[in-house]
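See below for protein.pdb, which holds PDB, C-alpha atoms.
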ATOM      1  CA  LEU A   1      23.358  39.673 -23.031
ATOM      2  CA  ILE A   2      24.385  40.284 -26.616
ATOM      3  CA  THR A   3      23.229  37.595 -29.050
ATOM      4  CA  ARG A   4      25.731  36.784 -31.780
ATOM      5  CA  ASN A   5      24.845  33.266 -32.871
ATOM      6  CA  SER A   6      21.430  34.113 -34.256
ATOM      7  CA  ARG A   7      20.476  35.429 -37.670
ATOM      8  CA  LYS A   8      19.578  38.757 -36.041
ATOM      9  CA  PRO A   9      22.240  39.825 -33.530
ATOM     10  CA  GLY A  10      21.025  42.059 -30.719
ATOM     11  CA  LYS A  11      20.288  42.285 -27.013
ATOM     12  CA  MET A  12      18.416  39.794 -24.893
ATOM     13  CA  ALA A  13      17.764  39.312 -21.205
ATOM     14  CA  VAL A  14      17.387  36.170 -19.154
ATOM     15  CA  VAL A  15      15.060  36.888 -16.259
ATOM     16  CA  THR A  16      14.052  34.491 -13.515
ATOM     17  CA  ILE A  17      10.386  34.862 -12.655
ATOM     18  CA  GLU A  18       9.193  33.455  -9.353
ATOM     19  CA  ASP A  19       5.788  32.893  -7.810
ATOM     20  CA  PHE A  20       4.482  30.683  -4.995
ATOM     21  CA  ALA A  21       4.649  27.607  -7.247
ATOM     22  CA  GLY A  22       8.293  27.987  -8.259
ATOM     23  CA  LYS A  23      10.699  29.668 -10.671
ATOM     24  CA  VAL A  24      10.927  29.799 -14.447
ATOM     25  CA  GLU A  25      13.538  31.261 -16.745
ATOM     26  CA  SER A  26      12.161  33.894 -19.108
ATOM     27  CA  LEU A  27      13.823  35.242 -22.239
ATOM     28  CA  ILE A  28      13.201  38.738 -23.559
ATOM     29  CA  PHE A  29      14.638  39.815 -26.905
ATOM     30  CA  GLY A  30      15.213  43.012 -28.895
ATOM     31  CA  GLU A  31      12.311  45.444 -29.094
ATOM     32  CA  GLU A  32      10.431  43.801 -26.222
ATOM     33  CA  LEU A  33      13.496  44.186 -24.008
ATOM     34  CA  GLU A  34      13.806  47.875 -24.849
ATOM     35  CA  ARG A  35      10.079  48.457 -24.311
ATOM     36  CA  TYR A  36       9.764  46.594 -20.980
ATOM     37  CA  GLN A  37      13.210  46.775 -19.376
ATOM     38  CA  ARG A  38      12.122  49.507 -16.947
ATOM     39  CA  PHE A  39       9.601  47.084 -15.373
ATOM     40  CA  LEU A  40      12.178  44.333 -14.850
ATOM     41  CA  THR A  41      13.669  45.201 -11.500
ATOM     42  CA  PRO A  42      14.399  42.893  -8.557
ATOM     43  CA  ASP A  43      11.252  41.996  -6.615
ATOM     44  CA  ALA A  44       8.980  43.798  -9.104
ATOM     45  CA  VAL A  45       5.491  42.338  -9.370
ATOM     46  CA  VAL A  46       4.627  41.894 -13.037
ATOM     47  CA  PHE A  47       2.485  39.747 -15.308
ATOM     48  CA  LEU A  48       3.969  38.204 -18.422
ATOM     49  CA  ARG A  49       2.453  37.267 -21.758
ATOM     50  CA  GLY A  50       4.431  34.958 -23.960
ATOM     51  CA  THR A  51       4.923  31.445 -25.211
ATOM     52  CA  VAL A  52       6.357  28.479 -23.364
ATOM     53  CA  ASP A  53       9.445  26.930 -24.935
ATOM     54  CA  HIS A  54       9.737  23.196 -24.187
ATOM     55  CA  ARG A  55      12.889  22.568 -26.265
ATOM     56  CA  ARG A  56      15.189  22.424 -23.231
ATOM     57  CA  GLU A  57      15.106  20.148 -20.202
ATOM     58  CA  LYS A  58      13.463  22.913 -18.170
ATOM     59  CA  PRO A  59      10.747  24.928 -19.946
ATOM     60  CA  SER A  60      11.255  28.674 -20.349
ATOM     61  CA  VAL A  61       9.016  31.540 -21.393
ATOM     62  CA  ARG A  62       9.620  33.660 -24.503
ATOM     63  CA  VAL A  63       8.243  36.972 -23.217
ATOM     64  CA  GLU A  64       6.165  39.091 -25.587
ATOM     65  CA  GLU A  65       4.684  41.527 -23.064
ATOM     66  CA  VAL A  66       5.422  42.647 -19.500
ATOM     67  CA  ILE A  67       2.488  44.135 -17.589
ATOM     68  CA  PRO A  68       3.150  46.001 -14.314
ATOM     69  CA  ALA A  69       0.887  44.858 -11.471
ATOM     70  CA  ALA A  70      -0.874  48.243 -11.263
ATOM     71  CA  GLU A  71      -1.897  48.003 -14.941
ATOM     72  CA  ALA A  72      -2.728  44.280 -14.950
ATOM     73  CA  PRO A  73      -6.438  44.459 -14.101
ATOM     74  CA  PHE A  74      -7.029  46.751 -17.065
ATOM     75  CA  ALA A  75      -4.627  45.038 -19.483
ATOM     76  CA  LEU A  76      -6.105  41.612 -18.694
ATOM     77  CA  THR A  77      -9.743  42.707 -18.731
ATOM     78  CA  GLU A  78     -11.765  41.050 -21.475
ATOM     79  CA  SER A  79     -14.994  43.001 -20.912
ATOM     80  CA  LEU A  80     -16.808  45.424 -18.609
ATOM     81  CA  VAL A  81     -20.001  44.748 -16.689
ATOM     82  CA  LEU A  82     -21.939  47.818 -15.552
ATOM     83  CA  SER A  83     -24.833  47.466 -13.133
ATOM     84  CA  LEU A  84     -27.891  49.640 -13.756
ATOM     85  CA  SER A  85     -31.259  49.985 -12.136
ATOM     86  CA  PRO A  86     -34.652  51.062 -13.524
ATOM     87  CA  ALA A  87     -33.933  54.511 -12.047
ATOM     88  CA  ASP A  88     -31.128  54.909 -14.612
ATOM     89  CA  ALA A  89     -33.691  55.102 -17.439
ATOM     90  CA  PRO A  90     -33.210  57.222 -20.568
ATOM     91  CA  GLY A  91     -32.913  60.923 -19.951
ATOM     92  CA  GLY A  92     -30.622  60.459 -16.965
ATOM     93  CA  VAL A  93     -27.675  58.260 -16.131
ATOM     94  CA  LEU A  94     -28.195  55.978 -19.150
ATOM     95  CA  ASP A  95     -27.827  58.828 -21.656
ATOM     96  CA  ARG A  96     -24.626  60.051 -19.966
ATOM     97  CA  LEU A  97     -23.337  56.473 -19.877
ATOM     98  CA  ILE A  98     -23.891  56.040 -23.617
ATOM     99  CA  GLU A  99     -22.036  59.324 -24.279
ATOM    100  CA  LEU A 100     -19.123  58.116 -22.157
ATOM    101  CA  LEU A 101     -19.005  54.727 -23.916
ATOM    102  CA  ARG A 102     -19.109  56.348 -27.362
ATOM    103  CA  ALA A 103     -16.302  58.737 -26.424
ATOM    104  CA  GLU A 104     -14.055  55.795 -25.454
ATOM    105  CA  HIS A 105     -14.962  53.622 -28.454
ATOM    106  CA  GLY A 106     -12.442  52.758 -31.134
ATOM    107  CA  ASN A 107      -9.176  53.798 -29.491
ATOM    108  CA  GLY A 108      -7.051  50.646 -29.360
ATOM    109  CA  PRO A 109      -8.217  47.144 -28.497
ATOM    110  CA  ALA A 110     -11.917  47.563 -27.750
ATOM    111  CA  LYS A 111     -13.605  45.382 -25.127
ATOM    112  CA  PRO A 112     -17.286  44.393 -24.983
ATOM    113  CA  VAL A 113     -19.568  46.130 -22.504
ATOM    114  CA  TYR A 114     -22.443  44.367 -20.755
ATOM    115  CA  LEU A 115     -25.197  46.003 -18.737
ATOM    116  CA  ASP A 116     -26.660  44.160 -15.764
ATOM    117  CA  ILE A 117     -30.092  45.736 -15.390
ATOM    118  CA  GLY A 118     -32.005  45.029 -12.198
ATOM    119  CA  THR A 119     -35.751  44.589 -12.665
ATOM    120  CA  GLY A 120     -36.851  45.456  -9.150
ATOM    121  CA  ASP A 121     -38.183  41.957  -8.408
ATOM    122  CA  HIS A 122     -34.701  40.528  -7.696
ATOM    123  CA  LEU A 123     -34.065  39.531 -11.321
ATOM    124  CA  VAL A 124     -31.209  40.806 -13.480
ATOM    125  CA  ALA A 125     -31.153  41.030 -17.259
ATOM    126  CA  THR A 126     -27.713  41.125 -18.889
ATOM    127  CA  VAL A 127     -27.543  43.078 -22.146
ATOM    128  CA  ASP A 128     -24.621  43.073 -24.595
ATOM    129  CA  CYS A 129     -24.082  46.651 -25.812
ATOM    130  CA  GLY A 130     -22.822  45.324 -29.163
ATOM    131  CA  ARG A 131     -19.853  46.224 -31.334
ATOM    132  CA  GLY A 132     -20.827  49.882 -31.548
ATOM    133  CA  LEU A 133     -20.164  50.475 -27.851
ATOM    134  CA  ARG A 134     -16.986  48.479 -27.284
ATOM    135  CA  VAL A 135     -14.419  50.443 -25.306
ATOM    136  CA  ARG A 136     -10.788  50.618 -24.252
ATOM    137  CA  CYS A 137     -10.454  49.685 -20.617
ATOM    138  CA  THR A 138      -8.114  52.142 -18.922
ATOM    139  CA  PRO A 139      -7.851  53.318 -15.310
ATOM    140  CA  ARG A 140      -9.019  56.807 -16.373
ATOM    141  CA  PHE A 141     -12.087  55.437 -18.147
ATOM    142  CA  ALA A 142     -12.948  53.112 -15.246
ATOM    143  CA  ARG A 143     -12.784  56.076 -12.861
ATOM    144  CA  GLN A 144     -15.111  58.066 -15.133
ATOM    145  CA  LEU A 145     -17.566  55.161 -15.012
ATOM    146  CA  CYS A 146     -17.275  55.061 -11.215
ATOM    147  CA  ASP A 147     -17.923  58.798 -10.988
ATOM    148  CA  LEU A 148     -21.098  58.328 -13.038
ATOM    149  CA  LEU A 149     -22.434  55.033 -11.651
ATOM    150  CA  GLY A 150     -20.666  54.575  -8.338
ATOM    151  CA  VAL A 151     -17.678  52.322  -7.711
ATOM    152  CA  GLU A 152     -19.817  49.365  -6.627
ATOM    153  CA  ARG A 153     -21.521  49.231 -10.044
ATOM    154  CA  VAL A 154     -18.395  48.822 -12.221
ATOM    155  CA  THR A 155     -16.948  45.328 -12.687
ATOM    156  CA  LEU A 156     -14.054  44.119 -14.829
ATOM    157  CA  LEU A 157     -14.413  40.652 -16.360
ATOM    158  CA  THR A 158     -11.277  38.607 -17.082
ATOM    159  CA  GLY A 159     -10.800  35.998 -19.787
ATOM    160  CA  GLY A 160     -11.620  33.276 -17.261
ATOM    161  CA  MET A 161     -14.943  35.041 -16.608
ATOM    162  CA  LYS A 162     -13.767  36.098 -13.166
ATOM    163  CA  ARG A 163     -15.507  39.250 -11.983
ATOM    164  CA  ILE A 164     -13.261  41.868 -10.411
ATOM    165  CA  PRO A 165     -15.274  44.655  -8.762
ATOM    166  CA  PHE A 166     -13.556  47.963  -9.434
ATOM    167  CA  ALA A 167     -13.956  48.766  -5.736
ATOM    168  CA  ASN A 168     -11.450  45.970  -4.982
ATOM    169  CA  LEU A 169      -8.811  47.743  -7.074
ATOM    170  CA  MET A 170      -8.990  51.033  -5.207
ATOM    171  CA  PRO A 171      -6.706  51.785  -2.256
ATOM    172  CA  LEU A 172      -8.540  51.510   1.072
ATOM    173  CA  ASP A 173      -8.251  55.243   1.760
ATOM    174  CA  ALA A 174      -9.893  56.068  -1.606
ATOM    175  CA  ARG A 175     -12.963  53.876  -1.070
ATOM    176  CA  VAL A 176     -16.172  55.607  -0.088
TER     177      VAL A 176
END

Translate the structure described by the file into structure tokens.
Amino acid sequence: LITRNSRKPGKMAVVTIEDFAGKVESLIFGEELERYQRFLTPDAVVFLRGTVDHRREKPSVRVEEVIPAAEAPFALTESLVLSLSPADAPGGVLDRLIELLRAEHGNGPAKPVYLDIGTGDHLVATVDCGRGLRVRCTPRFARQLCDLLGVERVTLLTGGMKRIPFANLMPLDARV
């Protein structure tokens, strides 16, 4: 649609988003529409970020970001949890891990990294790597971590503190 009645005329889209709970009308304006239009196809699975508008009888969503389903685990990740064992001590895996974390630090929105370190007597210590080792969470980076540690030792943590093992994100034929 072309908006003419606003202070800033331009394009907008009205998109109906549906899930198992129902449908909601979503509005996407200007730059956001240009940036995300390619993801807005019939039956596409996407995640939306935006604000709910309650001014009408039925609420609608003012969309600020559209996240394709394949990118959602990484875009919605709030932090990384990496599982280590005493065998990963300095001089081996731990040194390579620190190099990898430092190489990914500072490019875009950085996420905290936590290390779950097993003690050998069935206890786990969780260590916050601090601001100096925050990283961007991307599929490429997660795969590098999996190559170093093994897929079962890389976990994404969402804002609701839900743990998503990276192994669950891999296609069945790619799992080892």

For this session: Using all atoms listed in the file, collect all residues at a distance of at most 12 Å from (-3.1, 40.0, -14.3) as written in the file, then present them as a list in words.
Result: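 Looking at atoms near the point gives Val45, Val46, Phe47, Leu48, Arg49, Glu65, Val66, Ile67, Pro68, Ala69, Ala70, Glu71, Ala72, Pro73, Phe74, Ala75, Leu76, Thr77, Glu78, Leu156, Leu157, Thr158, Gly159, Gly160, Lys162 and Ile164 of chain A.
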
For this session: Determine the nearest neighbour of Cys146 (chain A) from the options A:Leu101, A:Leu82, A:Val127, A:Leu27, counting only C-alpha atoms.
Result: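 The answer is A:Leu82, which sits nearest to Cys146 (chain A).
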
For this session: Take CA of Glu64 (chain A) and CA of Val15 (chain A) and report the distance between them in Å, one decimal.
Result: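 Computing it gives 13.1 Å between the two atoms.
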
For this session: Please evaluate the PyMOL selection byres ((chain A and resi 102) around 12) against the displayed coordinates and give the resulting residues as a PyMOL selection string.
Result: chain A and resi 95-101+103-107+110+113+129-136+141

For this session: List the neighbours of Gly30 (chain A) out to 7 Å using all atoms listed in the file; skip same-chain residues closer than 5 positions along the sequence, and give me the result as a PyMOL selection string.
Result: chain A and resi 10-12

For this session: Find the residue from A:Leu80, A:Val14, A:Ile28, A:Val63 that sits nearest to Met161 (chain A); use only C-alpha atoms when measuring.
Result: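 Closest residue, counting only C-alpha atoms: A:Leu80.
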
Exercise. If we count only C-alpha atoms, what is near region 152-155 of chain A at a cut-off of 9 Å, once residues fewer than 6 positions away on the same chain are taken out, given as a PyMOL selection string?
Worked result: chain A and resi 79-84+142+145-146+163-167

How big is the axis-aligned box around the listed atoms of region 110-113 of chain A once 5 Å is added on each side, and where is its centre? Give both in Å to one decimal, as AutoDock Vina command-line options.
--center_x -15.7 --center_y 46.0 --center_z -25.1 --size_x 17.7 --size_y 13.2 --size_z 15.2

Seminar exercise, completed: re CA of Glu25 (chain A) and CA of Lys58 (chain A): distance 8.5 Å

Problem set entry | Pairwise distance for CA of Arg55 (chain A) and CA of Glu32 (chain A), rounded to one decimal in Å | 21.4 Å

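Residue nearest Lys23 (chain A) within the list A:Val151, A:Val61, A:Leu94, A:Leu40: A:Val61 [criterion: smallest interatomic distance, all atoms listed in the file].
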
For this session: Find, counting all atoms listed in the file, the residue in A:Gly22, A:Gly150, A:Pro139, A:Pro86 that gets nearest to Asp116 (chain A).
Result: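 The answer is A:Pro86, which sits nearest to Asp116 (chain A).
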
As a check of understanding, name the residues that the PyMOL selection byres ((chain A and resi 119) around 12) selects in the supplied structure, as an mmCIF file with C-alpha atoms, in the coordinates of the input.
data_model
loop_
_atom_site.group_PDB
_atom_site.id
_atom_site.type_symbol
_atom_site.label_atom_id
_atom_site.label_comp_id
_atom_site.auth_asym_id
_atom_site.auth_seq_id
_atom_site.Cartn_x
_atom_site.Cartn_y
_atom_site.Cartn_z
ATOM 1 C CA SER A 83 -24.833 47.466 -13.133
ATOM 2 C CA LEU A 84 -27.891 49.640 -13.756
ATOM 3 C CA SER A 85 -31.259 49.985 -12.136
ATOM 4 C CA PRO A 86 -34.652 51.062 -13.524
ATOM 5 C CA ALA A 87 -33.933 54.511 -12.047
ATOM 6 C CA ASP A 88 -31.128 54.909 -14.612
ATOM 7 C CA ALA A 89 -33.691 55.102 -17.439
ATOM 8 C CA ASP A 116 -26.660 44.160 -15.764
ATOM 9 C CA ILE A 117 -30.092 45.736 -15.390
ATOM 10 C CA GLY A 118 -32.005 45.029 -12.198
ATOM 11 C CA GLY A 120 -36.851 45.456 -9.150
ATOM 12 C CA ASP A 121 -38.183 41.957 -8.408
ATOM 13 C CA HIS A 122 -34.701 40.528 -7.696
ATOM 14 C CA LEU A 123 -34.065 39.531 -11.321
ATOM 15 C CA VAL A 124 -31.209 40.806 -13.480
ATOM 16 C CA ALA A 125 -31.153 41.030 -17.259
ATOM 17 C CA THR A 126 -27.713 41.125 -18.889
#

Problem set entry | Selected residue of minimal separation from Glu34 (chain A) among A:Ala13, A:Ala21, A:Val52, A:Leu115, counting all atoms listed in the file |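 Of A:Ala13, A:Ala21, A:Val52, A:Leu115, the one nearest Glu34 (chain A) is A:Ala13, counting all atoms listed in the file.
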
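Of the residues under consideration (A:Thr16, A:Gly92, A:Arg140, A:Leu149), A:Thr16 shows the shortest atom-to-atom contact distance to Pro42 (chain A) when counting all atoms listed in the file.
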